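I have placed the structure first, in the form of structure tokens, so that the comments after it can refer back to it.
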Amino acid sequence: MSAHRRPATSARILTTTAAAHIERVGLYQGDHLWQPGRMGDSAPCTVPHAWERGVRAARPRWSARGEPWDVFHQALADSLTILSDHINGRAVPSVRWRKLRLTENAYRRTVLWCWGDAPERTTDEAAVMIRAAAARCLCDVDHGISGCPTP
């Protein structure tokens, strides 16, 4: 791992960039006119887009090989699971995406979108929710390590 980049963690994806980004630019609601590729870094964004910003910020350099990418992919999957489960109020059961014939990833992103698009939802609520989900990552390391206090 380069000395210039810290290893990716679920908490880093959620708080360092996702919550900070949505606080900075605001929450976008509705499905009309939202085009993330054309909106730059200052237009309001959805909750899934804020999560994706966190993922991009935590991604290792393209020149990195091996372990940094393994750690990143685990943090990416964990952060989406933690965030969607937190929004849902409990673990999202796999029967939901199977009945709809969706991938787990697609269903979990839909959970994020629907929560953020609820009427009267505010930017502050979105940022607080993302930070609360990140707080579930108590030790901010790979949770597969024996002795880690969180699953």
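Identifiers in this document derive from the order of the structure tokens: chains are assigned A, B, ..., residues are numbered from 1 separately in each chain, and ligands are numbered from 1 in order of occurrence.
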
Near-A:Ala106 list (10 Å; only C-alpha atoms; drop same-chain fewer than 5 positions) as a PyMOL selection string: chain A and resi 97+101+111

Counting only C-alpha atoms, what is within 7 Å of A:Cys45, bar same-chain residues fewer than 6 positions away, as an MDAnalysis selection string? chainID A and resid 22 25:28

Distance query A:Asp85 at most 12 Å, only C-alpha atoms, self and fewer than 2 positions along chain excluded, as number ranges by chain: A: 78-83, 87-94, 107-109, 111-112, 115, 129-130, 132-134, 136

Take atom CA of A:Ser84 and atom CA of A:Arg96 and report the distance between them in Å, one decimal.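 Separation between atom CA of A:Ser84 and atom CA of A:Arg96: 12.9 Å.
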
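Closest to A:Pro60 among A:Arg131, A:Thr110, A:Thr9, A:Glu120 is A:Thr9, based on only C-alpha atoms.
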
In Å, with one decimal, what is the gap from atom CA of A:Ala8 to atom CA of A:Pro68?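 Pair atom CA of A:Ala8 / atom CA of A:Pro68 returns 7.8 Å.
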
Running DSSP on the backbone, which parts of stretch 19-123 of chain A land in alpha helix (DSSP H), as a ChimeraX atom specification? /A:20-25,36-39,47-58,67-88,94-99,104-116,123

Can I get the selected residues back with C-alpha atoms, as a tab-separated table (two decimals), in the first residue's frame?
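Just written: selection_15.tsv:
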chain	number	residue	atom	x	y	z
A	20	ALA	CA	-19.23	14.96	3.89
A	21	HIS	CA	-20.16	15.13	0.19
A	22	ILE	CA	-23.91	15.09	0.75
A	23	GLU	CA	-23.53	17.77	3.46
A	24	ARG	CA	-21.55	19.93	1.05
A	25	VAL	CA	-23.77	19.63	-2.04
A	36	PRO	CA	-24.29	12.38	-12.27
A	37	GLY	CA	-21.83	12.40	-15.18
A	38	ARG	CA	-22.88	15.90	-16.18
A	39	MET	CA	-23.47	17.52	-12.82
A	47	VAL	CA	-27.76	8.85	-1.23
A	48	PRO	CA	-26.47	6.13	-3.62
A	49	HIS	CA	-24.36	8.72	-5.43
A	50	ALA	CA	-22.88	9.96	-2.14
A	51	TRP	CA	-21.99	6.35	-1.27
A	52	GLU	CA	-20.36	5.95	-4.70
A	53	ARG	CA	-18.29	9.09	-4.05
A	54	GLY	CA	-17.04	7.47	-0.85
A	55	VAL	CA	-16.17	4.32	-2.76
A	56	ARG	CA	-14.21	6.27	-5.38
A	57	ALA	CA	-12.30	8.18	-2.70
A	58	ALA	CA	-11.29	4.95	-0.93
A	67	GLU	CA	-3.91	-6.78	-0.87
A	68	PRO	CA	-5.03	-3.13	-1.24
A	69	TRP	CA	-7.61	-4.25	-3.79
A	70	ASP	CA	-8.78	-7.19	-1.67
A	71	VAL	CA	-9.26	-4.86	1.30
A	72	PHE	CA	-11.03	-2.30	-0.91
A	73	HIS	CA	-13.49	-4.83	-2.36
A	74	GLN	CA	-14.37	-6.10	1.11
A	75	ALA	CA	-14.87	-2.52	2.39
A	76	LEU	CA	-17.03	-1.71	-0.64
A	77	ALA	CA	-19.33	-4.69	-0.02
A	78	ASP	CA	-19.41	-4.14	3.74
A	79	SER	CA	-20.21	-0.43	3.46
A	80	LEU	CA	-23.18	-1.05	1.14
A	81	THR	CA	-24.48	-3.82	3.41
A	82	ILE	CA	-24.07	-1.77	6.58
A	83	LEU	CA	-25.69	1.32	5.05
A	84	SER	CA	-28.69	-0.49	3.53
A	85	ASP	CA	-29.24	-2.60	6.66
A	86	HIS	CA	-29.11	0.54	8.80
A	87	ILE	CA	-31.66	2.30	6.59
A	88	ASN	CA	-33.88	-0.80	6.68
A	94	SER	CA	-32.06	-12.10	0.74
A	95	VAL	CA	-35.56	-13.26	-0.12
A	96	ARG	CA	-36.40	-9.68	-1.14
A	97	TRP	CA	-33.95	-9.36	-4.01
A	98	ARG	CA	-34.46	-12.97	-5.06
A	99	LYS	CA	-38.24	-12.51	-5.39
A	104	GLU	CA	-28.10	-8.12	-4.01
A	105	ASN	CA	-26.10	-5.03	-5.00
A	106	ALA	CA	-28.95	-3.63	-7.14
A	107	TYR	CA	-31.52	-4.22	-4.42
A	108	ARG	CA	-29.39	-2.60	-1.73
A	109	ARG	CA	-28.81	0.46	-3.94
A	110	THR	CA	-32.58	0.65	-4.45
A	111	VAL	CA	-33.04	0.70	-0.67
A	112	LEU	CA	-30.68	3.70	-0.51
A	113	TRP	CA	-32.49	5.49	-3.34
A	114	CYS	CA	-35.97	4.95	-1.88
A	115	TRP	CA	-34.94	6.12	1.58
A	116	GLY	CA	-33.35	9.30	0.24
A	123	THR	CA	-29.83	16.79	3.60

In terms of the shortest atom-to-atom distance over only C-alpha atoms, which of A:Cys137, A:Pro119, A:Glu125, A:Ile13 is closest to A:Arg59?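 Checking each of A:Cys137, A:Pro119, A:Glu125, A:Ile13 against A:Arg59, counting only C-alpha atoms, the winner is A:Ile13.
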